[in-house]
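Data block for my_file_39.cif (mmCIF, C-alpha atoms):
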```
data_my_file
loop_
_atom_site.group_PDB
_atom_site.id
_atom_site.type_symbol
_atom_site.label_atom_id
_atom_site.label_comp_id
_atom_site.auth_asym_id
_atom_site.auth_seq_id
_atom_site.Cartn_x
_atom_site.Cartn_y
_atom_site.Cartn_z
ATOM 1 C CA MET A 1152 17.998 -8.469 -1.207
ATOM 2 C CA LYS A 1153 16.627 -11.740 -2.592
ATOM 3 C CA ARG A 1154 13.262 -11.119 -0.913
ATOM 4 C CA LEU A 1155 13.165 -7.577 -2.292
ATOM 5 C CA ILE A 1156 13.919 -8.768 -5.836
ATOM 6 C CA ARG A 1157 11.364 -11.578 -5.654
ATOM 7 C CA ASN A 1158 8.775 -9.044 -4.485
ATOM 8 C CA ILE A 1159 9.598 -6.707 -7.375
ATOM 9 C CA ILE A 1160 9.353 -9.562 -9.894
ATOM 10 C CA SER A 1161 6.150 -10.973 -8.410
ATOM 11 C CA ASN A 1162 4.519 -7.543 -8.740
ATOM 12 C CA ALA A 1163 5.819 -6.952 -12.260
ATOM 13 C CA GLU A 1164 3.298 -5.928 -14.869
ATOM 14 C CA GLU A 1165 5.032 -7.652 -17.748
ATOM 15 C CA VAL A 1166 8.008 -9.986 -18.003
ATOM 16 C CA GLU A 1167 9.794 -10.798 -21.239
ATOM 17 C CA PRO A 1168 10.685 -14.466 -21.792
ATOM 18 C CA PHE A 1169 14.269 -15.647 -21.792
ATOM 19 C CA ASP A 1170 15.570 -16.263 -25.268
ATOM 20 C CA SER A 1171 17.888 -19.079 -26.280
ATOM 21 C CA VAL A 1172 20.993 -16.850 -26.183
ATOM 22 C CA HIS A 1173 20.377 -16.030 -22.519
ATOM 23 C CA LEU A 1174 19.750 -19.670 -21.686
ATOM 24 C CA GLN A 1175 22.895 -20.806 -23.493
ATOM 25 C CA CYS A 1176 24.941 -18.232 -21.611
ATOM 26 C CA ILE A 1177 23.425 -19.298 -18.297
ATOM 27 C CA ALA A 1178 23.962 -22.953 -19.164
ATOM 28 C CA SER A 1179 27.603 -22.359 -20.026
ATOM 29 C CA LYS A 1180 28.185 -20.977 -16.530
ATOM 30 C CA ASP A 1181 26.184 -23.574 -14.622
ATOM 31 C CA GLU A 1182 25.510 -27.112 -15.817
ATOM 32 C CA CYS A 1183 22.223 -27.400 -13.898
ATOM 33 C CA TYR A 1184 20.575 -25.201 -16.565
ATOM 34 C CA SER A 1185 21.827 -27.062 -19.612
ATOM 35 C CA GLY A 1186 19.111 -28.314 -21.891
ATOM 36 C CA LEU A 1187 16.447 -25.869 -20.747
ATOM 37 C CA SER A 1188 14.192 -24.335 -23.345
ATOM 38 C CA PRO A 1189 12.497 -20.952 -22.967
ATOM 39 C CA GLN A 1190 9.216 -22.743 -22.252
ATOM 40 C CA GLU A 1191 10.806 -24.563 -19.300
ATOM 41 C CA VAL A 1192 12.056 -21.407 -17.617
ATOM 42 C CA ASP A 1193 9.921 -19.750 -14.991
ATOM 43 C CA ILE A 1194 9.993 -15.975 -14.664
ATOM 44 C CA TYR A 1195 13.553 -16.062 -13.323
ATOM 45 C CA LEU A 1196 16.382 -18.425 -12.470
ATOM 46 C CA GLU A 1197 18.321 -18.271 -9.237
ATOM 47 C CA VAL A 1198 21.970 -17.544 -9.795
ATOM 48 C CA LYS A 1199 23.937 -20.669 -8.932
ATOM 49 C CA THR A 1200 27.262 -19.399 -10.236
ATOM 50 C CA LYS A 1201 27.794 -15.768 -9.273
ATOM 51 C CA PRO A 1202 28.370 -13.281 -12.085
ATOM 52 C CA ASP A 1203 32.000 -12.481 -12.829
ATOM 53 C CA PHE A 1204 32.467 -8.741 -12.314
ATOM 54 C CA SER A 1205 36.247 -8.779 -12.868
ATOM 55 C CA GLY A 1206 36.080 -7.444 -16.449
ATOM 56 C CA ILE A 1207 34.138 -4.378 -15.360
ATOM 57 C CA GLU A 1208 36.293 -3.897 -12.271
ATOM 58 C CA GLU A 1209 39.465 -4.028 -14.371
ATOM 59 C CA THR A 1210 38.077 -1.746 -17.082
ATOM 60 C CA PHE A 1211 37.032 0.967 -14.628
ATOM 61 C CA GLU A 1212 39.714 0.264 -12.000
ATOM 62 C CA ILE A 1213 37.099 -0.083 -9.265
ATOM 63 C CA ILE A 1214 35.671 -2.612 -6.870
ATOM 64 C CA ILE A 1215 31.959 -2.895 -7.588
ATOM 65 C CA HIS A 1216 29.849 -1.655 -4.682
ATOM 66 C CA PRO A 1217 28.654 -4.569 -2.500
ATOM 67 C CA GLU A 1218 25.001 -3.590 -2.869
ATOM 68 C CA LEU A 1219 25.198 -3.718 -6.671
ATOM 69 C CA VAL A 1220 26.977 -7.091 -6.514
ATOM 70 C CA GLU A 1221 24.218 -8.391 -4.244
ATOM 71 C CA TYR A 1222 21.495 -6.899 -6.474
ATOM 72 C CA TRP A 1223 22.923 -8.497 -9.612
ATOM 73 C CA SER A 1224 23.863 -11.827 -7.963
ATOM 74 C CA GLN A 1225 20.419 -13.084 -6.939
ATOM 75 C CA VAL A 1226 18.611 -14.041 -10.135
ATOM 76 C CA TRP A 1227 19.024 -14.137 -13.891
ATOM 77 C CA CYS A 1228 15.975 -12.349 -15.222
ATOM 78 C CA PRO A 1229 14.770 -10.801 -18.463
ATOM 79 C CA LEU A 1230 13.687 -7.183 -18.610
ATOM 80 C CA PHE A 1231 10.374 -6.471 -16.888
ATOM 81 C CA ILE A 1232 8.052 -3.567 -16.138
ATOM 82 C CA ALA A 1233 7.411 -2.529 -12.546
ATOM 83 C CA ILE A 1234 5.751 0.380 -10.789
ATOM 84 C CA ASN A 1235 8.033 2.582 -8.697
ATOM 85 C CA LYS A 1236 6.874 5.841 -7.148
ATOM 86 C CA LYS A 1237 10.496 6.900 -6.583
ATOM 87 C CA SER A 1238 10.986 7.091 -10.348
ATOM 88 C CA VAL A 1239 8.596 10.037 -10.619
ATOM 89 C CA THR A 1240 10.192 13.403 -11.356
ATOM 90 C CA THR A 1241 8.723 16.839 -11.941
ATOM 91 C CA ASN A 1242 9.368 16.325 -15.665
ATOM 92 C CA HIS A 1243 7.893 12.808 -15.897
ATOM 93 C CA THR A 1244 5.127 11.527 -13.637
ATOM 94 C CA ASP A 1245 4.882 7.980 -15.024
ATOM 95 C CA GLU A 1246 5.647 5.404 -12.300
ATOM 96 C CA LYS A 1247 6.462 2.587 -14.751
ATOM 97 C CA ILE A 1248 10.073 1.503 -15.052
ATOM 98 C CA PHE A 1249 11.836 -1.221 -16.983
ATOM 99 C CA VAL A 1250 13.909 -3.111 -14.421
ATOM 100 C CA HIS A 1251 17.364 -4.082 -15.592
ATOM 101 C CA LEU A 1252 18.567 -7.194 -13.774
ATOM 102 C CA LEU A 1253 21.169 -9.390 -15.440
ATOM 103 C CA SER A 1254 19.888 -11.961 -17.894
ATOM 104 C CA SER A 1255 23.270 -13.667 -18.342
ATOM 105 C CA GLN A 1256 27.008 -13.237 -17.899
ATOM 106 C CA LEU A 1257 27.133 -12.126 -21.527
ATOM 107 C CA HIS A 1258 24.684 -9.323 -20.676
ATOM 108 C CA LEU A 1259 27.027 -8.117 -17.924
ATOM 109 C CA ASP A 1260 30.012 -8.157 -20.275
ATOM 110 C CA HIS A 1261 28.074 -6.067 -22.833
ATOM 111 C CA LEU A 1262 27.307 -3.333 -20.276
ATOM 112 C CA ILE A 1263 30.827 -1.873 -20.410
ATOM 113 C CA ASN A 1264 30.037 0.572 -23.246
ATOM 114 C CA ASP A 1265 26.829 1.702 -21.516
ATOM 115 C CA ILE A 1266 28.656 2.203 -18.216
ATOM 116 C CA GLU A 1267 31.291 4.311 -19.995
ATOM 117 C CA MET A 1268 28.603 6.450 -21.645
ATOM 118 C CA TYR A 1269 26.498 6.977 -18.491
ATOM 119 C CA THR A 1270 29.589 7.693 -16.421
ATOM 120 C CA GLN A 1271 30.791 10.323 -18.890
ATOM 121 C CA GLU A 1272 27.349 11.950 -19.063
ATOM 122 C CA MET A 1273 26.951 12.099 -15.274
ATOM 123 C CA ASN A 1274 30.543 13.255 -14.738
ATOM 124 C CA ASP A 1275 29.846 16.046 -17.271
ATOM 125 C CA LEU A 1276 26.964 17.055 -14.946
ATOM 126 C CA ASP A 1277 29.537 17.269 -12.115
ATOM 127 C CA VAL A 1278 28.440 14.047 -10.409
ATOM 128 C CA GLU A 1279 31.533 12.003 -9.621
ATOM 129 C CA GLY A 1280 31.418 8.216 -9.838
ATOM 130 C CA VAL A 1281 30.985 5.226 -12.129
ATOM 131 C CA PHE A 1282 27.341 4.732 -13.148
ATOM 132 C CA PHE A 1283 25.565 1.424 -13.762
ATOM 133 C CA PRO A 1284 22.117 1.122 -15.390
ATOM 134 C CA ILE A 1285 19.675 -0.653 -13.077
ATOM 135 C CA ALA A 1286 16.449 0.405 -14.806
ATOM 136 C CA PHE A 1287 15.101 2.908 -17.293
ATOM 137 C CA LYS A 1288 11.876 4.727 -18.055
ATOM 138 C CA GLU A 1289 9.788 4.540 -21.209
ATOM 139 C CA ASP A 1290 11.065 7.913 -22.382
ATOM 140 C CA CYS A 1291 14.607 6.486 -22.240
ATOM 141 C CA TRP A 1292 15.527 8.276 -19.047
ATOM 142 C CA ASN A 1293 18.039 6.147 -17.208
ATOM 143 C CA ILE A 1294 17.946 4.953 -13.621
ATOM 144 C CA LEU A 1295 21.575 4.707 -12.608
ATOM 145 C CA PHE A 1296 23.439 3.356 -9.604
ATOM 146 C CA ASN A 1297 26.534 5.336 -8.599
ATOM 147 C CA ASN A 1298 29.272 2.933 -7.570
ATOM 148 C CA LEU A 1299 31.016 5.699 -5.598
ATOM 149 C CA ASP A 1300 28.251 6.837 -3.228
ATOM 150 C CA GLY A 1301 25.774 3.929 -3.536
ATOM 151 C CA CYS A 1302 22.941 6.280 -4.532
ATOM 152 C CA VAL A 1303 20.367 5.871 -7.301
ATOM 153 C CA TYR A 1304 19.937 8.705 -9.789
ATOM 154 C CA ILE A 1305 17.447 9.375 -12.572
ATOM 155 C CA GLN A 1306 19.200 10.825 -15.589
ATOM 156 C CA GLU A 1307 16.867 12.971 -17.658
ATOM 157 C CA HIS A 1308 17.366 14.103 -21.257
ATOM 158 C CA ASP A 1309 16.595 17.296 -23.173
ATOM 159 C CA PRO A 1310 18.020 19.015 -21.259
ATOM 160 C CA CYS A 1311 20.406 16.508 -19.732
ATOM 161 C CA GLU A 1312 20.082 16.720 -15.954
ATOM 162 C CA TYR A 1313 19.665 14.359 -13.021
ATOM 163 C CA VAL A 1314 17.618 13.791 -9.896
ATOM 164 C CA LYS A 1315 18.829 11.816 -6.892
ATOM 165 C CA ALA A 1316 16.064 9.246 -6.339
ATOM 166 C CA ALA A 1317 17.368 7.225 -3.369
ATOM 167 C CA ASN A 1318 20.367 6.628 -1.139
ATOM 168 C CA SER A 1319 20.564 2.933 -2.088
ATOM 169 C CA ILE A 1320 19.063 0.270 -4.333
ATOM 170 C CA ARG A 1321 17.079 -1.079 -1.376
ATOM 171 C CA GLU A 1322 15.645 2.355 -0.660
ATOM 172 C CA PHE A 1323 14.800 2.881 -4.348
ATOM 173 C CA TYR A 1324 12.770 -0.326 -4.510
ATOM 174 C CA SER A 1325 11.292 -0.177 -1.008
ATOM 175 C CA VAL A 1326 7.617 0.591 -0.658
ATOM 176 C CA ASP A 1327 6.832 3.882 1.078
#
```
Please re-express this file's structure in C-alpha coordinates.
Amino acid sequence: MKRLIRNIISNAEEVEPFDSVHLQCIASKDECYSGLSPQEVDIYLEVKTKPDFSGIEETFEIIIHPELVEYWSQVWCPLFIAINKKSVTTNHTDEKIFVHLLSSQLHLDHLINDIEMYTQEMNDLDVEGVFFPIAFKEDCWNILFNNLDGCVYIQEHDPCEYVKAANSIREFYSVD
(Lines of atoms letter the chains of each structure in order from A and count residues from 1; the text may use other names and numbers.)
(Lines give C-alpha, C1' and ligand atoms only; values in the text may rest on other atoms or scores of the structure.)
Protein backbone atom coordinates (compact mmCIF):
# COMPACT_ATOMS: atom_id res chain seq x y z
CA MET A 1 0.00 0.00 0.00
CA LYS A 2 2.85 2.41 0.76
CA ARG A 3 4.18 2.06 -2.79
CA LEU A 4 0.71 2.65 -4.22
CA ILE A 5 0.21 5.80 -2.12
CA ARG A 6 3.66 7.16 -2.98
CA ASN A 7 2.88 6.59 -6.66
CA ILE A 8 -0.44 8.43 -6.35
CA ILE A 9 1.23 11.36 -4.56
CA SER A 10 4.17 11.52 -6.96
CA ASN A 11 1.74 11.77 -9.88
CA ALA A 12 -0.48 14.34 -8.19
CA GLU A 13 -1.30 17.46 -10.14
CA GLU A 14 -1.48 19.73 -7.13
CA VAL A 15 -0.71 19.28 -3.44
CA GLU A 16 -1.82 21.68 -0.74
CA PRO A 17 0.79 22.56 1.90
CA PHE A 18 0.44 21.42 5.48
CA ASP A 19 -0.74 24.19 7.75
CA SER A 20 0.44 24.76 11.30
CA VAL A 21 -2.63 23.06 12.82
CA HIS A 22 -1.82 19.82 10.99
CA LEU A 23 1.82 20.02 11.99
CA GLN A 24 0.97 20.67 15.64
CA CYS A 25 -1.36 17.69 15.65
CA ILE A 26 1.28 15.48 14.05
CA ALA A 27 3.90 16.78 16.47
CA SER A 28 1.70 16.05 19.46
CA LYS A 29 1.51 12.40 18.41
CA ASP A 30 5.16 11.95 17.49
CA GLU A 31 8.03 13.97 18.91
CA CYS A 32 10.20 13.55 15.80
CA TYR A 33 8.02 16.16 14.03
CA SER A 34 8.08 18.80 16.75
CA GLY A 35 9.40 22.14 15.63
CA LEU A 36 8.72 21.64 11.93
CA SER A 37 7.37 24.55 9.96
CA PRO A 38 5.25 24.20 6.82
CA GLN A 39 8.29 25.15 4.74
CA GLU A 40 10.26 22.24 6.20
CA VAL A 41 7.66 19.62 5.32
CA ASP A 42 7.97 17.74 2.07
CA ILE A 43 4.82 16.68 0.24
CA TYR A 44 4.00 14.13 2.94
CA LEU A 45 5.24 12.74 6.24
CA GLU A 46 5.49 9.05 6.98
CA VAL A 47 3.28 8.01 9.84
CA LYS A 48 5.50 7.10 12.77
CA THR A 49 2.69 6.76 15.30
CA LYS A 50 -0.29 4.97 13.77
CA PRO A 51 -3.61 6.81 13.77
CA ASP A 52 -5.94 5.94 16.63
CA PHE A 53 -9.15 4.56 15.11
CA SER A 54 -10.75 3.63 18.45
CA GLY A 55 -13.07 6.67 18.58
CA ILE A 56 -14.58 5.82 15.20
CA GLU A 57 -14.74 2.12 16.01
CA GLU A 58 -16.57 2.83 19.27
CA THR A 59 -18.93 5.36 17.69
CA PHE A 60 -20.01 3.01 14.90
CA GLU A 61 -19.52 -0.25 16.83
CA ILE A 62 -17.28 -1.65 14.11
CA ILE A 63 -13.73 -2.78 13.51
CA ILE A 64 -12.32 -0.65 10.70
CA HIS A 65 -11.57 -2.72 7.60
CA PRO A 66 -7.86 -3.66 7.43
CA GLU A 67 -7.43 -2.13 3.98
CA LEU A 68 -8.71 1.26 5.17
CA VAL A 69 -6.45 1.10 8.24
CA GLU A 70 -3.50 0.35 5.96
CA TYR A 71 -4.51 3.12 3.52
CA TRP A 72 -4.77 5.72 6.28
CA SER A 73 -1.71 4.52 8.24
CA GLN A 74 1.04 5.16 5.69
CA VAL A 75 1.44 8.92 5.43
CA TRP A 76 0.06 12.17 6.77
CA CYS A 77 -0.76 14.19 3.69
CA PRO A 78 -2.75 17.28 2.75
CA LEU A 79 -5.49 17.12 0.15
CA PHE A 80 -4.24 16.68 -3.41
CA ILE A 81 -5.58 16.33 -6.94
CA ALA A 82 -4.97 13.12 -8.89
CA ILE A 83 -6.22 11.60 -12.11
CA ASN A 84 -8.26 8.41 -11.77
CA LYS A 85 -10.07 6.82 -14.70
CA LYS A 86 -12.16 4.72 -12.30
CA SER A 87 -13.82 7.89 -11.02
CA VAL A 88 -15.52 8.47 -14.37
CA THR A 89 -19.27 7.87 -14.45
CA THR A 90 -21.86 8.29 -17.18
CA ASN A 91 -22.95 11.51 -15.45
CA HIS A 92 -19.46 12.97 -14.96
CA THR A 93 -16.52 12.23 -17.24
CA ASP A 94 -13.87 14.27 -15.41
CA GLU A 95 -11.01 12.02 -14.22
CA LYS A 96 -9.76 14.48 -11.57
CA ILE A 97 -10.32 13.58 -7.94
CA PHE A 98 -9.32 15.19 -4.67
CA VAL A 99 -7.61 12.45 -2.66
CA HIS A 100 -8.50 12.38 1.00
CA LEU A 101 -5.67 10.89 3.04
CA LEU A 102 -5.36 11.83 6.70
CA SER A 103 -3.52 15.03 7.47
CA SER A 104 -3.50 14.48 11.24
CA GLN A 105 -5.15 12.57 14.07
CA LEU A 106 -7.40 15.58 14.56
CA HIS A 107 -8.57 15.20 10.95
CA LEU A 108 -9.55 11.59 11.65
CA ASP A 109 -11.47 12.58 14.77
CA HIS A 110 -13.41 15.22 12.79
CA LEU A 111 -14.57 12.67 10.19
CA ILE A 112 -17.21 11.16 12.49
CA ASN A 113 -19.99 13.55 11.38
CA ASP A 114 -19.13 12.99 7.70
CA ILE A 115 -19.11 9.21 8.17
CA GLU A 116 -22.54 9.40 9.83
CA MET A 117 -23.92 11.50 6.96
CA TYR A 118 -22.47 9.35 4.14
CA THR A 119 -23.55 6.16 5.88
CA GLN A 120 -27.12 7.42 6.26
CA GLU A 121 -27.26 8.57 2.63
CA MET A 122 -25.92 5.27 1.26
CA ASN A 123 -28.09 3.19 3.60
CA ASP A 124 -31.10 5.20 2.32
CA LEU A 125 -30.05 4.00 -1.17
CA ASP A 126 -30.24 0.42 0.17
CA VAL A 127 -26.47 -0.07 0.36
CA GLU A 128 -25.63 -1.57 3.74
CA GLY A 129 -22.41 -0.59 5.50
CA VAL A 130 -20.48 2.23 7.15
CA PHE A 131 -19.02 4.64 4.57
CA PHE A 132 -15.72 6.52 4.81
CA PRO A 133 -14.71 9.37 2.47
CA ILE A 134 -11.45 8.56 0.67
CA ALA A 135 -11.73 11.14 -2.11
CA PHE A 136 -14.22 13.41 -3.81
CA LYS A 137 -14.81 14.98 -7.20
CA GLU A 138 -14.94 18.66 -8.07
CA ASP A 139 -18.73 18.57 -8.31
CA CYS A 140 -18.81 17.37 -4.69
CA TRP A 141 -19.59 13.79 -5.57
CA ASN A 142 -18.08 11.58 -2.91
CA ILE A 143 -15.78 8.61 -3.32
CA LEU A 144 -16.61 6.36 -0.40
CA PHE A 145 -15.12 3.20 1.05
CA ASN A 146 -17.65 0.72 2.46
CA ASN A 147 -16.28 -0.78 5.65
CA LEU A 148 -18.63 -3.77 5.30
CA ASP A 149 -17.73 -5.08 1.83
CA GLY A 150 -14.40 -3.29 1.21
CA CYS A 151 -15.68 -1.77 -2.04
CA VAL A 152 -15.30 1.80 -3.32
CA TYR A 153 -18.43 3.66 -4.40
CA ILE A 154 -19.02 6.99 -6.12
CA GLN A 155 -21.97 8.76 -4.57
CA GLU A 156 -23.64 11.10 -7.04
CA HIS A 157 -26.05 13.94 -6.25
CA ASP A 158 -29.15 15.34 -7.94
CA PRO A 159 -30.50 12.73 -8.05
CA CYS A 160 -28.74 10.93 -5.23
CA GLU A 161 -27.49 7.60 -6.55
CA TYR A 162 -24.29 5.57 -6.52
CA VAL A 163 -21.94 3.64 -8.76
CA LYS A 164 -19.67 0.85 -7.55
CA ALA A 165 -16.22 1.91 -8.79
CA ALA A 166 -13.95 -0.87 -7.48
CA ASN A 167 -13.81 -3.92 -5.23
CA SER A 168 -11.05 -2.41 -3.06
CA ILE A 169 -8.98 0.71 -2.49
CA ARG A 170 -6.04 -0.94 -4.26
CA GLU A 171 -8.18 -1.71 -7.29
CA PHE A 172 -9.59 1.84 -7.32
CA TYR A 173 -6.12 3.39 -7.45
CA SER A 174 -4.47 0.76 -9.65
CA VAL A 175 -3.60 1.70 -13.20
CA ASP A 176 -5.52 -0.22 -15.87
I want to know what sits within 9 Å of range 1310-1327 of chain A, based on all atoms listed in the file, with residues of the same chain fewer than 5 positions away left out; could you give that as a PyMOL selection string?
chain A and resi 1152+1155-1156+1159+1218-1219+1222+1235-1240+1272-1273+1276+1285+1294+1296+1300-1305
Selection under test: the PyMOL selection byres ((chain A and resi 1244-1247) around 10); residues as number ranges by chain:
A: 1163-1164, 1232-1243, 1248-1250, 1287-1290
Residues in the PyMOL selection byres ((chain A and resi 1280) around 6), expressed as a short mmCIF file (atom, residue, chain, number, x, y, z; two decimals) with C-alpha atoms, keeping the file's coordinate frame:
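Wrote it out as selection10.cif, contents follow:
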```cif
data_model
loop_
_atom_site.label_atom_id
_atom_site.label_comp_id
_atom_site.auth_asym_id
_atom_site.auth_seq_id
_atom_site.Cartn_x
_atom_site.Cartn_y
_atom_site.Cartn_z
CA GLU A 1279 31.53 12.00 -9.62
CA VAL A 1281 30.98 5.23 -12.13
CA ASN A 1297 26.53 5.34 -8.60
CA LEU A 1299 31.02 5.70 -5.60
#
```
Give as a ChimeraX atom specification the residues that the PyMOL selection byres ((chain A and resi 1254-1270) around 6) matches when applied to the coordinates above.
/A:1173,1176-1177,1202,1227-1229,1253,1271-1274,1281-1283
Centre and size of axis-aligned box enclosing range 1200-1212 of chain A plus 4 Å each side, as lines of an AutoDock Vina configuration file:
```
center_x = 33.5
center_y = -9.2
center_z = -13.2
size_x = 20.5
size_y = 28.4
size_z = 15.8
```
Atomic distance CA of Gln1306 in chain A - CA of Pro1284 in chain A, expressed in Å with one decimal:
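A separation of 10.1 Å between them.
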What does the distance between CA of Trp1292 in chain A and CA of Asp1203 in chain A come to in Å, to one decimal place?
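Distance between the two atoms: 27.2 Å.
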Enter the distance from CA of Ile1207 in chain A to CA of Val1166 in chain A, in Å, rounded to one decimal.
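Spanning CA of Ile1207 in chain A to CA of Val1166 in chain A is a straight-line distance of 26.9 Å.
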So, with only C-alpha atoms as the atoms that count, which of A:Ile1215, A:Leu1295, A:Val1226, A:Val1172 lies closest to Lys1199 in chain A?
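Using only C-alpha atoms, the shortest distance to Lys1199 in chain A belongs to A:Val1226.
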Given all atoms listed in the file as the basis, pick out the residue of A:Ser1224, A:Thr1200, A:Asn1293, A:Ser1205 nearest to Ser1179 in chain A.
A:Thr1200
